[in-house]
4 protein chains.
Amino acid sequence: MDKPIRFSTEFTVEWGDCDPARIVFYPHYFYWFDTCFQHWLRQAGLSQALLTERYQVVGTPILEAHARFLVSSTDGDRLQATARIERFDPKRFRIDYELWRDGRLLVEGWEIRAWVARIDDRLRSLPIPPEFAAALAEASQGEIPPASVAPGPPG
Amino acid sequence: MDKPIRFSTEFTVEWGDCDPARIVFYPHYFYWFDTCFQHWLRQAGLSQALLTERYQVVGTPILEAHARFLVSSTDGDRLQATARIERFDPKRFRIDYELWRDGRLLVEGWEIRAWVARIDDRLRSLPIPPEFAAALAEASQGEIPPASVAPGPPG
Amino acid sequence: MDKPIRFSTEFTVEWGDCDPARIVFYPHYFYWFDTCFQHWLRQAGLSQALLTERYQVVGTPILEAHARFLVSSTDGDRLQATARIERFDPKRFRIDYELWRDGRLLVEGWEIRAWVARIDDRLRSLPIPPEFAAALAEASQGEIPPASVAPGPPG
Amino acid sequence: MDKPIRFSTEFTVEWGDCDPARIVFYPHYFYWFDTCFQHWLRQAGLSQALLTERYQVVGTPILEAHARFLVSSTDGDRLQATARIERFDPKRFRIDYELWRDGRLLVEGWEIRAWVARIDDRLRSLPIPPEFAAALAEASQGEIPPASVAPGPPG
């Protein structure tokens, strides 16, 4: 993989995603990170269920996750999500996420995911099959249009 | 505050917290991080509602969150959660979390929280009142007993 | 209001909405019921925040909710949701919901919602303003096209 | 089974369970219904994972669910939950739930659950094994103490 691959999708912040401070309860942002990756899988003709069936993996569990919250969001906001993978390591890969609203960056973060199978009832990390990386690259949406990534004024 | 302050509580992993891989859907760990802090607030005689009423803040929103997932957990597991604050900065503080099961560290992470009020419909960071830090310190449970922090064998 | 009013929207079942049985964890269906109503509000130029500001209500809390689950759904399924209101009672109204996938009815249910304000820190039921019902009727999408409501074979 | 069987447990309403109206987002009550049943299973020495292993069922999926919300609850409230089963039908059973706070009934509702196995990738309803009903009966906590069920004044 000679250059980063990318994927974009969208979400709506719903009433039930917000807490009594009238802003998103922050664990939901990680739900959107995960869901953005699931959308990418589907765009690549894959799904967690298919990965399990084809490779006996229990999915791509998270080893590490991080987020920085720059601007809050609330009920009704439309979020543009982008995911980017710079490279695949032998047994893991990192996805960088950004969530935008109207050209303003709200949240940035990342997940490190492993390729893990349940063997003898223990979870074991295994090498990522090259065709998995290739399928995500095939579904890559190339450069994100400049209009959607222009940073807004500081929050 | 001359030494770190600490708080411990417990959670049960429920069926509805787990995903089709039969392990906790990872955003839920951040729910437990947040909830551990809310329990500490209550132990200190506080709550988000009380903070809002007393200081006009919209709570203690998260600026940054991080987690490292070492060992998976599933439906029925009992988690021991510990939170620790090393110090309070003028407008923010960091809470370090650990989640344990039967003497084995499952998840470690942290949140950075700010003290934020809604002024003219914008969220603004303000200095943390000393009595807030004092109340959390007062509710600190001191050193965590060694038995519960001995690391288990690698996961 | 001389005939029922209706609204349709769509949702995707995500990985994080499913439980270890590989099907939607059932409380999420109520999230989609609620969210379908919130989409209708927005289509009508309203939102819970706006209702609070304009009428001092604390939203439209649920008095009663019901669902019957006919066919299961899982990660990646696209759901067509329809909401229908037959009439508004003085202080409450009932919304009937249906969730479909590819012309097959998966879930049907309803909510009874009240018009409630917080007065002297107690929640009190109040008469629904006629312009609220009118706004929802204005955003009504009329008859749902037959194609999307033809019942599939029994589940 | 000649008389109803019962089980009680407790929950805490957390910050992340509440919506911008400062009350529980109602789908969470169904999470507590489900979780109350899971606690009962564990008290009976069972779990969804064990049921799957022992009987090849995909758990006890919900056919129908209902709730009536009498009094709201918020962050920090301690809920007493009771579950009751009157009888087991050949392939399904109904659980009645009540959620109380300080002797006041907040929510009442029920679930109808089936005994379902995945056969040829389709979910099929099967007869409930008598020893399953017997295990829940064995874990029954008999009559709920009067103190905890005395109805409070109307909400």
# chains A, B, ... in the order shown; residues from 1 in each chain; ligands from 1
call {"tool": "residues_around", "arguments": {"residues": "segment 2-5 of chain D", "least_positions_apart": "6", "cutoff": "8 Å", "atoms": "only C-alpha atoms", "output": "ChimeraX atom specification"}}
result
/D:84-87,136-137,140-142
call {"tool": "interface_residues", "arguments": {"of": "chain A", "to": "chain C", "cutoff": "9 Å", "atoms": "only C-alpha atoms", "output": "list in words"}}
result
Glu14, Trp15, Gly16, Arg22, Tyr31, Asp34, Thr35, Gln38, His39, Arg42, Ser47, Gln48, Ala49, Asp75 and Gly76 of chain A
call {"tool": "write_last_selection", "arguments": {"atoms": "N, CA and C atoms", "output": "mmCIF file, in the first residue's frame"}}
result
data_model
loop_
_atom_site.group_PDB
_atom_site.id
_atom_site.type_symbol
_atom_site.label_atom_id
_atom_site.label_comp_id
_atom_site.auth_asym_id
_atom_site.auth_seq_id
_atom_site.Cartn_x
_atom_site.Cartn_y
_atom_site.Cartn_z
ATOM 1 N N GLU A 14 -28.546 11.988 17.512
ATOM 2 C CA GLU A 14 -29.947 11.860 17.899
ATOM 3 C C GLU A 14 -30.153 12.258 19.366
ATOM 4 N N TRP A 15 -31.380 12.553 19.697
ATOM 5 C CA TRP A 15 -31.791 12.888 21.063
ATOM 6 C C TRP A 15 -31.222 11.881 22.073
ATOM 7 N N GLY A 16 -31.354 10.614 21.772
ATOM 8 C CA GLY A 16 -30.909 9.578 22.706
ATOM 9 C C GLY A 16 -29.404 9.442 22.809
ATOM 10 N N ARG A 22 -26.964 18.402 27.370
ATOM 11 C CA ARG A 22 -27.455 18.712 26.017
ATOM 12 C C ARG A 22 -26.383 18.527 24.943
ATOM 13 N N TYR A 31 -18.741 4.877 19.309
ATOM 14 C CA TYR A 31 -19.707 4.110 18.505
ATOM 15 C C TYR A 31 -19.623 4.566 17.047
ATOM 16 N N ASP A 34 -16.401 3.276 15.413
ATOM 17 C CA ASP A 34 -16.561 1.855 15.059
ATOM 18 C C ASP A 34 -17.499 1.695 13.864
ATOM 19 N N THR A 35 -18.584 2.438 13.878
ATOM 20 C CA THR A 35 -19.583 2.296 12.822
ATOM 21 C C THR A 35 -19.039 2.777 11.483
ATOM 22 N N GLN A 38 -17.232 -0.064 10.146
ATOM 23 C CA GLN A 38 -18.161 -1.100 9.656
ATOM 24 C C GLN A 38 -18.731 -0.709 8.290
ATOM 25 N N HIS A 39 -18.995 0.587 8.095
ATOM 26 C CA HIS A 39 -19.495 1.042 6.787
ATOM 27 C C HIS A 39 -18.429 0.795 5.710
ATOM 28 N N ARG A 42 -18.421 -2.781 4.723
ATOM 29 C CA ARG A 42 -19.540 -3.116 3.831
ATOM 30 C C ARG A 42 -19.291 -2.601 2.415
ATOM 31 N N SER A 47 -18.098 -7.818 5.983
ATOM 32 C CA SER A 47 -18.805 -7.526 7.227
ATOM 33 C C SER A 47 -18.125 -8.369 8.287
ATOM 34 N N GLN A 48 -18.374 -8.028 9.543
ATOM 35 C CA GLN A 48 -17.801 -8.834 10.636
ATOM 36 C C GLN A 48 -18.246 -10.279 10.498
ATOM 37 N N ALA A 49 -19.513 -10.494 10.146
ATOM 38 C CA ALA A 49 -20.014 -11.867 10.029
ATOM 39 C C ALA A 49 -19.257 -12.618 8.935
ATOM 40 N N ASP A 75 -28.180 17.086 19.464
ATOM 41 C CA ASP A 75 -29.370 16.574 18.783
ATOM 42 C C ASP A 75 -29.637 17.242 17.433
ATOM 43 N N GLY A 76 -29.611 16.448 16.377
ATOM 44 C CA GLY A 76 -29.946 16.973 15.063
ATOM 45 C C GLY A 76 -28.741 17.322 14.210
#
call {"tool": "closest_residue", "arguments": {"among": "A:Arg124, A:Arg68, A:Arg6, A:His28", "to": "Glu111 of chain B", "atoms": "only C-alpha atoms"}}
result
A:Arg68
call {"tool": "residues_around", "arguments": {"residues": "Ser8 of chain C", "least_positions_apart": "6", "cutoff": "12 Å", "atoms": "only C-alpha atoms", "output": "VMD selection string"}}
result
chain C and resid 32 to 33 35 to 41 43 79 to 84 96 to 100 139 to 145 148 to 149
call {"tool": "write_last_selection", "arguments": {"atoms": "C-alpha atoms", "output": "JSON list (two decimals), in the first residue's frame"}}
result
[["chain", "number", "residue", "atom", "x", "y", "z"],
["C", 32, "TRP", "CA", -35.27, 3.76, 16.57],
["C", 33, "PHE", "CA", -38.92, 4.41, 17.49],
["C", 35, "THR", "CA", -35.44, 8.59, 16.69],
["C", 36, "CYS", "CA", -38.09, 8.20, 13.98],
["C", 37, "PHE", "CA", -40.24, 10.66, 15.94],
["C", 38, "GLN", "CA", -37.29, 13.07, 16.33],
["C", 39, "HIS", "CA", -36.78, 12.97, 12.53],
["C", 40, "TRP", "CA", -40.44, 13.84, 12.09],
["C", 41, "LEU", "CA", -40.05, 16.77, 14.48],
["C", 43, "GLN", "CA", -38.97, 17.63, 9.20],
["C", 79, "LEU", "CA", -34.59, -0.60, 8.10],
["C", 80, "GLN", "CA", -37.48, 1.42, 6.71],
["C", 81, "ALA", "CA", -39.33, 3.03, 9.60],
["C", 82, "THR", "CA", -42.82, 4.49, 9.44],
["C", 83, "ALA", "CA", -44.62, 6.45, 12.13],
["C", 84, "ARG", "CA", -48.35, 7.20, 12.12],
["C", 96, "ASP", "CA", -47.69, 3.72, 15.81],
["C", 97, "TYR", "CA", -44.43, 2.47, 14.37],
["C", 98, "GLU", "CA", -43.45, -0.16, 11.86],
["C", 99, "LEU", "CA", -39.95, -1.27, 10.91],
["C", 100, "TRP", "CA", -39.56, -3.00, 7.55],
["C", 139, "ALA", "CA", -44.72, 17.44, 7.51],
["C", 140, "SER", "CA", -46.84, 14.35, 6.96],
["C", 141, "GLN", "CA", -45.73, 12.37, 3.94],
["C", 142, "GLY", "CA", -49.21, 11.18, 3.06],
["C", 143, "GLU", "CA", -49.84, 7.61, 2.09],
["C", 144, "ILE", "CA", -46.90, 5.28, 2.29],
["C", 145, "PRO", "CA", -46.30, 3.77, -1.17],
["C", 148, "SER", "CA", -43.01, -0.62, 0.88],
["C", 149, "VAL", "CA", -45.89, -1.97, 2.93]]
call {"tool": "select_by_dssp", "arguments": {"residues": "segment 55-133 of chain D", "states": "helix (DSSP H, G or I)", "output": "ChimeraX atom specification"}}
result
/D:55,130-133
call {"tool": "residues_around", "arguments": {"residues": "Tyr55 of chain A", "least_positions_apart": "4", "cutoff": "9 Å", "atoms": "only C-alpha atoms", "output": "count of residues only"}}
result
4
call {"tool": "residues_around", "arguments": {"residues": "Arg113 of chain D", "least_positions_apart": "4", "cutoff": "7 Å", "atoms": "only C-alpha atoms", "output": "VMD selection string"}}
result
chain D and resid 60 to 63 92 to 94
call {"tool": "atom_distance", "arguments": {"atom1": "atom CA of Gly103 of chain A", "atom2": "atom CA of Ala67 of chain A"}}
result
18.7 Å
call {"tool": "closest_residue", "arguments": {"among": "C:Gln56, C:Ile112, C:Asp19, C:Phe88", "to": "Glu131 of chain C", "atoms": "only C-alpha atoms"}}
result
C:Phe88
call {"tool": "closest_residue", "arguments": {"among": "A:Arg104, A:Leu126, A:Glu64, A:Gly59", "to": "Ala21 of chain B", "atoms": "only C-alpha atoms"}}
result
A:Gly59
call {"tool": "select_by_dssp", "arguments": {"residues": "segment 65-136 of chain C", "states": "strand (DSSP E or B)", "output": "PyMOL selection string"}}
result
chain C and resi 65-69+78-85+88+92-101+104-114+116-119+122-125
call {"tool": "atom_distance", "arguments": {"atom1": "atom CA of Gly45 of chain B", "atom2": "atom CA of Ile128 of chain B"}}
result
17.0 Å
call {"tool": "atom_distance", "arguments": {"atom1": "atom CA of Pro127 of chain B", "atom2": "atom CA of Ala44 of chain B"}}
result
19.4 Å
